[in-house]
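Student: Data file input.cif (mmCIF, C-alpha atoms) is appended below.
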```cif
data_input
loop_
_atom_site.group_PDB
_atom_site.id
_atom_site.type_symbol
_atom_site.label_atom_id
_atom_site.label_comp_id
_atom_site.auth_asym_id
_atom_site.auth_seq_id
_atom_site.Cartn_x
_atom_site.Cartn_y
_atom_site.Cartn_z
ATOM 1 C CA MET A 1 14.448 -2.569 -27.399
ATOM 2 C CA MET A 2 12.514 -4.983 -25.173
ATOM 3 C CA PRO A 3 13.089 -8.569 -26.327
ATOM 4 C CA GLU A 4 10.086 -10.662 -27.330
ATOM 5 C CA LEU A 5 9.520 -12.881 -24.283
ATOM 6 C CA GLY A 6 6.364 -14.583 -25.544
ATOM 7 C CA LYS A 7 4.117 -16.462 -23.159
ATOM 8 C CA TYR A 8 6.795 -16.572 -20.434
ATOM 9 C CA ALA A 9 7.180 -12.791 -20.136
ATOM 10 C CA ALA A 10 5.655 -12.659 -16.645
ATOM 11 C CA GLU A 11 8.011 -15.370 -15.330
ATOM 12 C CA VAL A 12 11.173 -13.864 -16.820
ATOM 13 C CA LEU A 13 10.364 -10.300 -15.783
ATOM 14 C CA SER A 14 9.337 -11.263 -12.256
ATOM 15 C CA ALA A 15 12.532 -13.318 -11.797
ATOM 16 C CA TYR A 16 14.654 -10.320 -12.811
ATOM 17 C CA ALA A 17 12.541 -7.937 -10.712
ATOM 18 C CA VAL A 18 12.899 -10.071 -7.555
ATOM 19 C CA THR A 19 16.660 -10.426 -8.089
ATOM 20 C CA ILE A 20 17.310 -6.744 -8.749
ATOM 21 C CA ALA A 21 15.073 -5.655 -5.850
ATOM 22 C CA LEU A 22 16.839 -7.970 -3.368
ATOM 23 C CA MET A 23 20.336 -7.044 -4.558
ATOM 24 C CA VAL A 24 19.641 -3.298 -4.518
ATOM 25 C CA ALA A 25 18.005 -3.552 -1.081
ATOM 26 C CA LEU A 26 20.996 -5.469 0.309
ATOM 27 C CA LEU A 27 23.430 -2.970 -1.191
ATOM 28 C CA LEU A 28 21.548 0.037 0.197
ATOM 29 C CA ILE A 29 21.147 -1.488 3.653
ATOM 30 C CA SER A 30 24.859 -2.365 3.755
ATOM 31 C CA LEU A 31 25.935 1.117 2.651
ATOM 32 C CA ARG A 32 23.583 2.845 5.096
ATOM 33 C CA HIS A 33 24.769 0.662 7.972
ATOM 34 C CA SER A 34 28.367 1.347 6.969
ATOM 35 C CA ALA A 35 27.838 5.125 6.886
ATOM 36 C CA ARG A 36 26.054 5.103 10.260
ATOM 37 C CA THR A 37 28.778 3.044 11.922
ATOM 38 C CA ARG A 38 31.523 5.244 10.459
ATOM 39 C CA ARG A 39 29.777 8.363 11.787
ATOM 40 C CA ALA A 40 29.198 6.800 15.207
ATOM 41 C CA LEU A 41 32.850 5.720 15.490
ATOM 42 C CA ARG A 42 34.016 9.189 14.464
ATOM 43 C CA ASP A 43 31.818 10.710 17.193
ATOM 44 C CA VAL A 44 33.111 8.304 19.850
ATOM 45 C CA GLU A 45 36.735 8.963 18.843
ATOM 46 C CA ALA A 46 36.165 12.731 18.788
ATOM 47 C CA ALA A 47 34.518 12.675 22.231
ATOM 48 C CA ARG A 48 37.392 10.591 23.563
ATOM 49 C CA LYS A 49 39.952 12.966 22.103
ATOM 50 C CA ASN A 50 38.120 15.974 23.595
ATOM 51 C CA ARG A 51 37.957 14.338 26.996
ATOM 52 C CA SER A 52 41.633 13.416 27.002
ATOM 53 C CA GLY A 53 42.502 16.918 25.713
ATOM 54 C CA LYS A 54 40.482 18.558 28.485
ATOM 55 C CA GLY A 55 41.934 16.134 31.005
ATOM 56 C CA SER A 56 45.502 16.978 30.107
ATOM 57 C CA ALA A 57 44.753 20.727 30.074
ATOM 58 C CA THR A 58 43.258 20.484 33.551
ATOM 59 C CA ASP A 59 46.112 18.328 34.735
ATOM 60 C CA GLY A 60 48.646 20.719 33.279
ATOM 61 C CA MET B 1 44.475 4.891 11.470
ATOM 62 C CA SER B 2 46.491 7.104 9.151
ATOM 63 C CA GLU B 3 49.965 6.071 10.382
ATOM 64 C CA ARG B 4 52.100 4.270 7.847
ATOM 65 C CA LEU B 5 52.269 0.507 8.370
ATOM 66 C CA PRO B 6 55.423 -1.543 7.666
ATOM 67 C CA LYS B 7 55.310 -3.765 4.572
ATOM 68 C CA PRO B 8 53.567 -7.096 5.305
ATOM 69 C CA THR B 9 55.742 -10.199 5.259
ATOM 70 C CA SER B 10 52.963 -12.778 5.493
ATOM 71 C CA LEU B 11 49.322 -13.163 4.492
ATOM 72 C CA TRP B 12 48.343 -13.427 8.163
ATOM 73 C CA GLU B 13 49.335 -9.824 8.733
ATOM 74 C CA TYR B 14 46.106 -8.836 6.956
ATOM 75 C CA ALA B 15 44.323 -10.200 10.015
ATOM 76 C CA ASN B 16 45.493 -7.000 11.669
ATOM 77 C CA PRO B 17 42.377 -4.747 11.514
ATOM 78 C CA ARG B 18 44.374 -1.654 10.542
ATOM 79 C CA ARG B 19 46.091 -3.475 7.718
ATOM 80 C CA PHE B 20 42.791 -4.981 6.592
ATOM 81 C CA MET B 21 41.127 -1.543 6.575
ATOM 82 C CA ALA B 22 43.974 -0.079 4.532
ATOM 83 C CA LEU B 23 43.955 -2.881 1.950
ATOM 84 C CA SER B 24 40.159 -3.147 1.677
ATOM 85 C CA GLY B 25 39.833 0.643 1.376
ATOM 86 C CA PHE B 26 42.290 0.559 -1.513
ATOM 87 C CA LEU B 27 40.552 -2.381 -3.248
ATOM 88 C CA LEU B 28 36.940 -1.205 -2.837
ATOM 89 C CA PRO B 29 36.716 1.229 -5.797
ATOM 90 C CA PHE B 30 38.276 -1.306 -8.189
ATOM 91 C CA VAL B 31 35.934 -4.079 -7.043
ATOM 92 C CA ALA B 32 32.928 -1.739 -7.301
ATOM 93 C CA VAL B 33 33.741 -0.681 -10.859
ATOM 94 C CA GLY B 34 34.581 -4.244 -11.977
ATOM 95 C CA THR B 35 31.366 -5.577 -10.459
ATOM 96 C CA ALA B 36 29.198 -2.880 -12.040
ATOM 97 C CA VAL B 37 30.761 -3.463 -15.461
ATOM 98 C CA ALA B 38 30.469 -7.266 -15.283
ATOM 99 C CA LEU B 39 26.858 -7.173 -14.048
ATOM 100 C CA LEU B 40 25.864 -4.603 -16.645
ATOM 101 C CA ILE B 41 27.455 -6.497 -19.539
ATOM 102 C CA GLY B 42 26.444 -9.989 -18.377
ATOM 103 C CA LEU B 43 22.814 -9.218 -17.585
ATOM 104 C CA THR B 44 22.250 -6.882 -20.541
ATOM 105 C CA TRP B 45 23.802 -9.372 -22.949
ATOM 106 C CA GLY B 46 21.886 -12.263 -21.440
ATOM 107 C CA PHE B 47 18.525 -10.525 -21.253
ATOM 108 C CA PHE B 48 18.524 -8.525 -24.484
ATOM 109 C CA PHE B 49 20.885 -10.240 -26.899
ATOM 110 C CA THR B 50 20.524 -14.004 -26.495
ATOM 111 C CA PRO B 51 17.959 -16.133 -28.333
ATOM 112 C CA ASP B 52 15.236 -18.258 -26.762
ATOM 113 C CA ASP B 53 15.991 -21.892 -26.073
ATOM 114 C CA TYR B 54 14.162 -24.297 -28.386
ATOM 115 C CA ARG B 55 12.669 -26.177 -25.417
ATOM 116 C CA GLN B 56 12.524 -23.613 -22.610
ATOM 117 C CA GLY B 57 11.605 -20.554 -24.646
ATOM 118 C CA SER B 58 12.460 -17.194 -23.079
ATOM 119 C CA THR B 59 12.672 -18.696 -19.556
ATOM 120 C CA VAL B 60 16.270 -19.601 -20.398
ATOM 121 C CA LYS B 61 17.082 -15.941 -19.643
ATOM 122 C CA ILE B 62 16.535 -16.753 -15.966
ATOM 123 C CA ILE B 63 19.804 -18.715 -16.112
ATOM 124 C CA TYR B 64 21.787 -15.434 -15.934
ATOM 125 C CA ILE B 65 20.509 -14.749 -12.419
ATOM 126 C CA HIS B 66 19.633 -18.218 -11.114
ATOM 127 C CA VAL B 67 22.961 -19.985 -11.689
ATOM 128 C CA PRO B 68 25.219 -17.114 -10.476
ATOM 129 C CA SER B 69 23.130 -16.551 -7.341
ATOM 130 C CA ALA B 70 23.116 -20.281 -6.524
ATOM 131 C CA MET B 71 26.868 -20.467 -7.075
ATOM 132 C CA VAL B 72 27.503 -17.501 -4.755
ATOM 133 C CA ALA B 73 25.055 -18.882 -2.166
ATOM 134 C CA ILE B 74 27.029 -22.117 -1.859
ATOM 135 C CA ASN B 75 30.480 -20.561 -2.059
ATOM 136 C CA ALA B 76 29.635 -17.810 0.440
ATOM 137 C CA TRP B 77 29.015 -20.539 3.000
ATOM 138 C CA MET B 78 32.306 -22.208 2.069
ATOM 139 C CA MET B 79 34.066 -18.861 2.521
ATOM 140 C CA MET B 80 32.376 -18.547 5.931
ATOM 141 C CA LEU B 81 33.615 -22.046 6.759
ATOM 142 C CA VAL B 82 37.222 -21.123 5.960
ATOM 143 C CA ALA B 83 36.929 -17.858 7.930
ATOM 144 C CA SER B 84 35.361 -19.714 10.873
ATOM 145 C CA LEU B 85 38.147 -22.295 10.888
ATOM 146 C CA ILE B 86 40.728 -19.496 10.857
ATOM 147 C CA TRP B 87 38.961 -17.961 13.851
ATOM 148 C CA LEU B 88 38.817 -21.273 15.726
ATOM 149 C CA ILE B 89 42.441 -22.149 15.018
ATOM 150 C CA ARG B 90 44.270 -18.811 14.891
ATOM 151 C CA ARG B 91 41.850 -16.476 16.740
ATOM 152 C CA HIS B 92 41.975 -13.688 14.162
ATOM 153 C CA HIS B 93 39.039 -11.375 14.863
ATOM 154 C CA VAL B 94 38.826 -10.064 11.304
ATOM 155 C CA SER B 95 38.138 -13.582 10.005
ATOM 156 C CA ALA B 96 35.240 -14.051 12.455
ATOM 157 C CA LEU B 97 33.872 -10.638 11.465
ATOM 158 C CA ALA B 98 34.237 -11.498 7.764
ATOM 159 C CA ALA B 99 32.194 -14.668 8.278
ATOM 160 C CA LYS B 100 29.524 -12.644 10.081
ATOM 161 C CA ALA B 101 29.555 -10.034 7.295
ATOM 162 C CA ALA B 102 29.172 -12.652 4.557
ATOM 163 C CA ALA B 103 26.074 -14.319 6.023
ATOM 164 C CA PRO B 104 23.387 -11.790 4.953
ATOM 165 C CA VAL B 105 24.863 -11.700 1.446
ATOM 166 C CA GLY B 106 24.836 -15.493 1.223
ATOM 167 C CA ALA B 107 21.305 -15.642 2.622
ATOM 168 C CA THR B 108 20.084 -13.121 0.045
ATOM 169 C CA MET B 109 21.741 -15.091 -2.761
ATOM 170 C CA THR B 110 20.125 -18.300 -1.500
ATOM 171 C CA LEU B 111 16.757 -16.555 -1.437
ATOM 172 C CA ILE B 112 17.280 -15.279 -4.992
ATOM 173 C CA ALA B 113 18.249 -18.780 -6.158
ATOM 174 C CA LEU B 114 15.181 -20.297 -4.467
ATOM 175 C CA ALA B 115 12.809 -17.613 -5.802
ATOM 176 C CA THR B 116 14.125 -17.610 -9.375
ATOM 177 C CA GLY B 117 14.228 -21.417 -9.317
ATOM 178 C CA ALA B 118 10.570 -21.552 -8.297
ATOM 179 C CA ILE B 119 9.607 -18.992 -10.944
ATOM 180 C CA TRP B 120 11.560 -20.967 -13.576
ATOM 181 C CA GLY B 121 10.298 -24.313 -12.337
ATOM 182 C CA GLN B 122 6.617 -23.455 -12.553
ATOM 183 C CA PRO B 123 6.365 -23.295 -16.369
ATOM 184 C CA MET B 124 9.037 -25.980 -16.964
ATOM 185 C CA TRP B 125 8.123 -28.597 -14.360
ATOM 186 C CA GLY B 126 4.527 -27.555 -13.731
ATOM 187 C CA THR B 127 5.213 -26.823 -10.069
ATOM 188 C CA TRP B 128 6.758 -24.039 -7.986
ATOM 189 C CA TRP B 129 8.345 -26.450 -5.573
ATOM 190 C CA ALA B 130 9.222 -30.126 -5.225
ATOM 191 C CA TRP B 131 10.933 -31.961 -2.372
ATOM 192 C CA ASP B 132 13.777 -32.754 -4.704
ATOM 193 C CA PRO B 133 17.241 -33.411 -3.141
ATOM 194 C CA ARG B 134 18.835 -30.290 -4.598
ATOM 195 C CA LEU B 135 15.930 -27.953 -3.819
ATOM 196 C CA THR B 136 15.521 -29.342 -0.324
ATOM 197 C CA SER B 137 19.221 -29.065 0.530
ATOM 198 C CA PHE B 138 19.130 -25.481 -0.738
ATOM 199 C CA LEU B 139 16.160 -24.688 1.488
ATOM 200 C CA VAL B 140 18.000 -26.201 4.463
ATOM 201 C CA LEU B 141 21.054 -24.103 3.557
ATOM 202 C CA PHE B 142 18.836 -20.993 3.645
ATOM 203 C CA LEU B 143 17.562 -22.000 7.093
ATOM 204 C CA PHE B 144 21.171 -22.453 8.218
ATOM 205 C CA TYR B 145 21.937 -18.915 7.037
ATOM 206 C CA LEU B 146 18.999 -17.585 9.077
ATOM 207 C CA GLY B 147 20.065 -19.622 12.108
ATOM 208 C CA TYR B 148 23.644 -18.400 11.764
ATOM 209 C CA MET B 149 22.569 -14.728 11.700
ATOM 210 C CA ALA B 150 20.120 -15.260 14.562
ATOM 211 C CA LEU B 151 22.872 -16.844 16.676
ATOM 212 C CA TRP B 152 25.206 -13.879 16.105
ATOM 213 C CA ALA B 153 22.382 -11.502 17.074
ATOM 214 C CA ALA B 154 21.392 -13.488 20.143
ATOM 215 C CA ILE B 155 24.773 -13.498 21.927
ATOM 216 C CA ASP B 156 26.210 -10.313 23.438
ATOM 217 C CA ASN B 157 29.790 -11.509 23.841
ATOM 218 C CA ASP B 158 31.381 -11.339 20.390
ATOM 219 C CA ASP B 159 34.000 -14.013 21.046
ATOM 220 C CA THR B 160 31.415 -16.499 22.318
ATOM 221 C CA ALA B 161 29.166 -15.687 19.357
ATOM 222 C CA ALA B 162 32.078 -16.225 16.967
ATOM 223 C CA GLU B 163 32.838 -19.614 18.522
ATOM 224 C CA LEU B 164 29.255 -20.895 18.481
ATOM 225 C CA THR B 165 28.537 -19.632 14.972
ATOM 226 C CA SER B 166 31.789 -21.218 13.765
ATOM 227 C CA VAL B 167 30.578 -24.587 14.998
ATOM 228 C CA LEU B 168 27.191 -24.002 13.333
ATOM 229 C CA CYS B 169 29.008 -23.081 10.131
ATOM 230 C CA ILE B 170 30.954 -26.357 10.162
ATOM 231 C CA VAL B 171 27.704 -28.318 10.588
ATOM 232 C CA GLY B 172 25.942 -26.319 7.855
ATOM 233 C CA SER B 173 28.761 -27.002 5.406
ATOM 234 C CA VAL B 174 27.283 -30.435 4.885
ATOM 235 C CA PHE B 175 24.249 -28.795 3.292
ATOM 236 C CA ALA B 176 26.350 -26.368 1.271
ATOM 237 C CA VAL B 177 28.131 -29.374 -0.241
ATOM 238 C CA LEU B 178 24.846 -31.271 -0.639
ATOM 239 C CA SER B 179 23.314 -28.294 -2.477
ATOM 240 C CA ARG B 180 26.026 -28.673 -5.095
ATOM 241 C CA TYR B 181 26.322 -32.452 -5.282
ATOM 242 C CA ALA B 182 22.865 -33.674 -4.204
ATOM 243 C CA LEU B 183 22.172 -35.044 -7.646
ATOM 244 C CA ALA B 184 25.404 -36.969 -7.764
ATOM 245 C CA PHE B 185 24.489 -38.623 -4.442
ATOM 246 C CA TRP B 186 20.821 -39.432 -5.099
ATOM 247 C CA ASN B 187 20.437 -39.214 -8.864
ATOM 248 C CA GLN B 188 16.742 -38.366 -8.649
ATOM 249 C CA GLY B 189 14.423 -35.363 -8.525
ATOM 250 C CA LEU B 190 13.369 -32.681 -10.971
ATOM 251 C CA HIS B 191 16.460 -30.507 -10.932
ATOM 252 C CA GLN B 192 19.000 -31.248 -13.649
ATOM 253 C CA GLY B 193 22.595 -32.141 -12.880
ATOM 254 C CA ALA B 194 25.509 -29.723 -13.084
ATOM 255 C CA SER B 195 25.601 -28.322 -16.578
ATOM 256 C CA VAL B 196 27.791 -25.271 -16.184
ATOM 257 C CA LEU B 197 30.599 -25.667 -13.668
ATOM 258 C CA ARG B 198 31.900 -29.098 -14.524
ATOM 259 C CA ALA B 199 34.413 -30.528 -16.954
ATOM 260 C CA GLY B 200 33.020 -30.654 -20.481
ATOM 261 C CA ALA B 201 29.992 -28.517 -19.684
ATOM 262 C CA VAL B 202 30.980 -25.841 -22.128
ATOM 263 C CA THR B 203 33.465 -27.558 -24.399
ATOM 264 C CA GLY B 204 32.119 -31.102 -24.094
ATOM 265 C CA ASP B 205 29.485 -32.779 -26.182
ATOM 266 C CA THR B 206 27.076 -34.076 -23.561
ATOM 267 C CA GLU B 207 23.331 -33.570 -23.873
ATOM 268 C CA GLU B 208 23.223 -31.016 -21.075
ATOM 269 C CA ARG B 209 26.055 -28.944 -22.517
ATOM 270 C CA VAL B 210 25.354 -25.207 -22.304
ATOM 271 C CA SER B 211 25.649 -23.643 -25.735
ATOM 272 C CA ASN B 212 28.303 -20.926 -26.043
ATOM 273 C CA ILE B 213 25.551 -18.485 -27.061
ATOM 274 C CA PHE B 214 24.296 -18.729 -23.466
ATOM 275 C CA ALA B 215 27.582 -19.633 -21.748
ATOM 276 C CA VAL B 216 29.629 -16.499 -22.496
ATOM 277 C CA PRO B 217 27.165 -13.952 -21.019
ATOM 278 C CA LEU B 218 26.504 -16.439 -18.204
ATOM 279 C CA PHE B 219 30.173 -16.493 -17.213
ATOM 280 C CA ILE B 220 30.309 -12.685 -17.307
ATOM 281 C CA SER B 221 27.203 -12.544 -15.132
ATOM 282 C CA MET B 222 28.773 -15.071 -12.728
ATOM 283 C CA ALA B 223 31.855 -12.850 -12.498
ATOM 284 C CA GLY B 224 29.531 -9.924 -11.707
ATOM 285 C CA PHE B 225 27.761 -11.839 -8.931
ATOM 286 C CA VAL B 226 31.102 -12.943 -7.436
ATOM 287 C CA GLY B 227 32.250 -9.306 -7.595
ATOM 288 C CA PHE B 228 29.017 -8.227 -5.893
ATOM 289 C CA PHE B 229 29.669 -10.707 -3.107
ATOM 290 C CA ILE B 230 33.274 -9.526 -2.654
ATOM 291 C CA LEU B 231 32.178 -5.889 -2.727
ATOM 292 C CA LEU B 232 29.553 -6.375 -0.030
ATOM 293 C CA LEU B 233 31.890 -8.617 1.954
ATOM 294 C CA LEU B 234 34.491 -5.841 2.065
ATOM 295 C CA VAL B 235 31.944 -3.114 2.887
ATOM 296 C CA ARG B 236 30.248 -5.163 5.588
ATOM 297 C CA THR B 237 33.501 -6.467 7.140
ATOM 298 C CA ARG B 238 34.801 -2.889 7.346
ATOM 299 C CA THR B 239 31.550 -1.967 9.111
ATOM 300 C CA GLU B 240 32.003 -4.839 11.565
ATOM 301 C CA VAL B 241 35.618 -3.846 12.252
ATOM 302 C CA ARG B 242 34.514 -0.267 12.978
ATOM 303 C CA ALA B 243 31.637 -1.457 15.174
ATOM 304 C CA ARG B 244 34.034 -3.654 17.142
ATOM 305 C CA ARG B 245 36.458 -0.770 17.662
ATOM 306 C CA MET B 246 33.580 1.435 18.789
ATOM 307 C CA LYS B 247 32.470 -1.187 21.318
ATOM 308 C CA ALA B 248 36.041 -1.500 22.612
ATOM 309 C CA LEU B 249 36.396 2.277 23.018
ATOM 310 C CA GLN B 250 33.060 2.542 24.815
ATOM 311 C CA ALA B 251 33.996 -0.329 27.123
ATOM 312 C CA ARG B 252 37.338 1.388 27.876
ATOM 313 C CA GLU B 253 35.476 4.626 28.670
ATOM 314 C CA ARG B 254 33.178 2.822 31.079
ATOM 315 C CA MET B 255 36.129 1.184 32.822
ATOM 316 C CA SER B 256 38.020 4.448 33.324
#
```
Just give me the structure as structure tokens.
Tutor:
Amino acid sequence: MMPELGKYAAEVLSAYAVTIALMVALLLISLRHSARTRRALRDVEAARKNRSGKGSATDG
Amino acid sequence: MSERLPKPTSLWEYANPRRFMALSGFLLPFVAVGTAVALLIGLTWGFFFTPDDYRQGSTVKIIYIHVPSAMVAINAWMMMLVASLIWLIRRHHVSALAAKAAAPVGATMTLIALATGAIWGQPMWGTWWAWDPRLTSFLVLFLFYLGYMALWAAIDNDDTAAELTSVLCIVGSVFAVLSRYALAFWNQGLHQGASVLRAGAVTGDTEERVSNIFAVPLFISMAGFVGFFILLLLVRTRTEVRARRMKALQARERMS
């Protein structure tokens, strides 16, 4: 399955390895940051809703 | 964010964060699948099913990652330039956030292009690096990316950061253009001229014409890299929009 890369095998494989590693790392970091921010925003919105709910109940 | 929005009547309405979130949320799965398919086909075809070049041997397989990453690196900066100009002229926050979101992706692509270029250059030119116009302008472009991200991180006020980084982006555009056309300006150095994205590169009969055996998987791989950029741009811009809303809510809480 592996193509015959001859004397340049190390160069070709390392180029692909560096590229895939950087792209996967960037993708994972972006997704993790996205999930964290989404969770944090949900928490802030929920806390705000609770506070305003409590506020109106007390006011009422 | 779940209320139904009226139908947009102009492109500028997508500068509305809610409309942007709705559209980008709809597009994301399609972009993700398209990107995965294009990358899988392009890179698998290029790596496993293309022959060696008669002069460069198997190192020609590096073309499927080097050229697409370099292309995205340059065009990501040009996209940031357009977004920055929209921010400066029309003050749409989503465009400033999109420019901010694109920078790490562009920087990573520039790094990939520099690294794969050095790895490819060593056996072909006998050196990892040369102060050649194209290589040097690419290195400067990478430094501009780092400076751009550092400037965003260094300024607390988002609007001020957006303004200053927009100006930096305009200045850096010179190097984004130079990275592409350095050879046309100076006509010297080790790096070859444009042999893919120019008239006659594929259908022409010039010496540096890319054979169709290499060109077809290369174009698929380029489509995959562009898709990867768009995918991350959407994901990261959505993150920035959410972070901005969170900041606004927290500020409102503090004020009340």
Student: Enumerate as a PDB file with C-alpha atoms, in the coordinates of the input the residues belonging to chain B that approach chain A to within 10 Å, with all atoms listed in the file taken into account.
Tutor:
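Output file selection26.pdb follows:
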```pdb
ATOM      1  CA  LEU B  43      22.814  -9.218 -17.585  1.00  0.00           C
ATOM      2  CA  PHE B  47      18.525 -10.525 -21.253  1.00  0.00           C
ATOM      3  CA  PHE B  48      18.524  -8.525 -24.484  1.00  0.00           C
ATOM      4  CA  PHE B  49      20.885 -10.240 -26.899  1.00  0.00           C
ATOM      5  CA  THR B  50      20.524 -14.004 -26.495  1.00  0.00           C
ATOM      6  CA  PRO B  51      17.959 -16.133 -28.333  1.00  0.00           C
ATOM      7  CA  ASP B  52      15.236 -18.258 -26.762  1.00  0.00           C
ATOM      8  CA  GLN B  56      12.524 -23.613 -22.610  1.00  0.00           C
ATOM      9  CA  GLY B  57      11.605 -20.554 -24.646  1.00  0.00           C
ATOM     10  CA  SER B  58      12.460 -17.194 -23.079  1.00  0.00           C
ATOM     11  CA  THR B  59      12.672 -18.696 -19.556  1.00  0.00           C
ATOM     12  CA  VAL B  60      16.270 -19.601 -20.398  1.00  0.00           C
ATOM     13  CA  LYS B  61      17.082 -15.941 -19.643  1.00  0.00           C
ATOM     14  CA  ILE B  62      16.535 -16.753 -15.966  1.00  0.00           C
ATOM     15  CA  ILE B  63      19.804 -18.715 -16.112  1.00  0.00           C
ATOM     16  CA  TYR B  64      21.787 -15.434 -15.934  1.00  0.00           C
ATOM     17  CA  ILE B  65      20.509 -14.749 -12.419  1.00  0.00           C
ATOM     18  CA  HIS B  66      19.633 -18.218 -11.114  1.00  0.00           C
ATOM     19  CA  SER B  69      23.130 -16.551  -7.341  1.00  0.00           C
ATOM     20  CA  ALA B 101      29.555 -10.034   7.295  1.00  0.00           C
ATOM     21  CA  PRO B 104      23.387 -11.790   4.953  1.00  0.00           C
ATOM     22  CA  VAL B 105      24.863 -11.700   1.446  1.00  0.00           C
ATOM     23  CA  THR B 108      20.084 -13.121   0.045  1.00  0.00           C
ATOM     24  CA  MET B 109      21.741 -15.091  -2.761  1.00  0.00           C
ATOM     25  CA  LEU B 111      16.757 -16.555  -1.437  1.00  0.00           C
ATOM     26  CA  ILE B 112      17.280 -15.279  -4.992  1.00  0.00           C
ATOM     27  CA  ALA B 113      18.249 -18.780  -6.158  1.00  0.00           C
ATOM     28  CA  ALA B 115      12.809 -17.613  -5.802  1.00  0.00           C
ATOM     29  CA  THR B 116      14.125 -17.610  -9.375  1.00  0.00           C
ATOM     30  CA  GLY B 117      14.228 -21.417  -9.317  1.00  0.00           C
ATOM     31  CA  ALA B 118      10.570 -21.552  -8.297  1.00  0.00           C
ATOM     32  CA  ILE B 119       9.607 -18.992 -10.944  1.00  0.00           C
ATOM     33  CA  TRP B 120      11.560 -20.967 -13.576  1.00  0.00           C
ATOM     34  CA  GLY B 121      10.298 -24.313 -12.337  1.00  0.00           C
ATOM     35  CA  GLN B 122       6.617 -23.455 -12.553  1.00  0.00           C
ATOM     36  CA  PRO B 123       6.365 -23.295 -16.369  1.00  0.00           C
ATOM     37  CA  PHE B 225      27.761 -11.839  -8.931  1.00  0.00           C
ATOM     38  CA  PHE B 228      29.017  -8.227  -5.893  1.00  0.00           C
ATOM     39  CA  LEU B 231      32.178  -5.889  -2.727  1.00  0.00           C
ATOM     40  CA  LEU B 232      29.553  -6.375  -0.030  1.00  0.00           C
ATOM     41  CA  LEU B 233      31.890  -8.617   1.954  1.00  0.00           C
ATOM     42  CA  VAL B 235      31.944  -3.114   2.887  1.00  0.00           C
ATOM     43  CA  ARG B 236      30.248  -5.163   5.588  1.00  0.00           C
ATOM     44  CA  THR B 237      33.501  -6.467   7.140  1.00  0.00           C
ATOM     45  CA  ARG B 238      34.801  -2.889   7.346  1.00  0.00           C
ATOM     46  CA  THR B 239      31.550  -1.967   9.111  1.00  0.00           C
ATOM     47  CA  GLU B 240      32.003  -4.839  11.565  1.00  0.00           C
ATOM     48  CA  VAL B 241      35.618  -3.846  12.252  1.00  0.00           C
ATOM     49  CA  ARG B 242      34.514  -0.267  12.978  1.00  0.00           C
ATOM     50  CA  ALA B 243      31.637  -1.457  15.174  1.00  0.00           C
ATOM     51  CA  ARG B 244      34.034  -3.654  17.142  1.00  0.00           C
ATOM     52  CA  ARG B 245      36.458  -0.770  17.662  1.00  0.00           C
ATOM     53  CA  MET B 246      33.580   1.435  18.789  1.00  0.00           C
ATOM     54  CA  LYS B 247      32.470  -1.187  21.318  1.00  0.00           C
ATOM     55  CA  LEU B 249      36.396   2.277  23.018  1.00  0.00           C
ATOM     56  CA  GLN B 250      33.060   2.542  24.815  1.00  0.00           C
ATOM     57  CA  GLU B 253      35.476   4.626  28.670  1.00  0.00           C
TER      58      GLU B 253
END
```
Student: Rounded to one decimal in Å, what is the spacing between CA of Val31 (chain B) and CA of Val24 (chain A)?
Tutor: 16.5 Å
Student: Carefully work through the PyMOL selection byres ((chain B and resi 136) around 12) for this structure and note down the residues it includes, as a PyMOL selection string.
Tutor: chain B and resi 114+129-135+137-143+175-176+178-180+182-183+189-191
Student: For CA of Lys49 (chain A) and CA of Phe20 (chain B), quote the distance in Å rounded to one decimal.
Tutor: 23.9 Å
Student: I'd like the neighbourhood of Leu218 (chain B) as a list in words, where a residue qualifies if any of its atoms comes within 8 Å (using all atoms listed in the file), though same-chain residues fewer than 3 positions away should be ignored.
Tutor: Gly42, Gly46, Ile63, Tyr64, Pro68, Phe214, Ala215, Ser221 and Met222 of chain B
Student: Just give me the gap between CA of Ile41 (chain B) and CA of Pro217 (chain B) in Å, one decimal is fine.
Tutor: 7.6 Å
Student: What lies within 12 Å of Ala161 (chain B) using only C-alpha atoms, ignoring chain neighbours under 2 positions off, as a PyMOL selection string?
Tutor: chain B and resi 84+87-88+93+96-97+99-100+148-159+163-169
Student: What would region 37-42 of chain A look like with N, CA and C atoms restored, written as an mmCIF file, in the coordinates of the input?
Tutor:
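The resulting selection-v7.cif:
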```cif
data_model
loop_
_atom_site.group_PDB
_atom_site.id
_atom_site.type_symbol
_atom_site.label_atom_id
_atom_site.label_comp_id
_atom_site.auth_asym_id
_atom_site.auth_seq_id
_atom_site.Cartn_x
_atom_site.Cartn_y
_atom_site.Cartn_z
ATOM 1 N N THR A 37 27.732 3.527 11.011
ATOM 2 C CA THR A 37 28.778 3.044 11.922
ATOM 3 C C THR A 37 30.003 3.947 11.843
ATOM 4 N N ARG A 38 30.358 4.367 10.619
ATOM 5 C CA ARG A 38 31.523 5.244 10.459
ATOM 6 C C ARG A 38 31.305 6.556 11.223
ATOM 7 N N ARG A 39 30.094 7.110 11.083
ATOM 8 C CA ARG A 39 29.777 8.363 11.787
ATOM 9 C C ARG A 39 29.841 8.173 13.302
ATOM 10 N N ALA A 40 29.244 7.065 13.763
ATOM 11 C CA ALA A 40 29.198 6.800 15.207
ATOM 12 C C ALA A 40 30.607 6.632 15.762
ATOM 13 N N LEU A 41 31.470 5.926 15.030
ATOM 14 C CA LEU A 41 32.850 5.720 15.490
ATOM 15 C C LEU A 41 33.595 7.053 15.529
ATOM 16 N N ARG A 42 33.356 7.877 14.501
ATOM 17 C CA ARG A 42 34.016 9.189 14.464
ATOM 18 C C ARG A 42 33.606 10.022 15.693
#
```
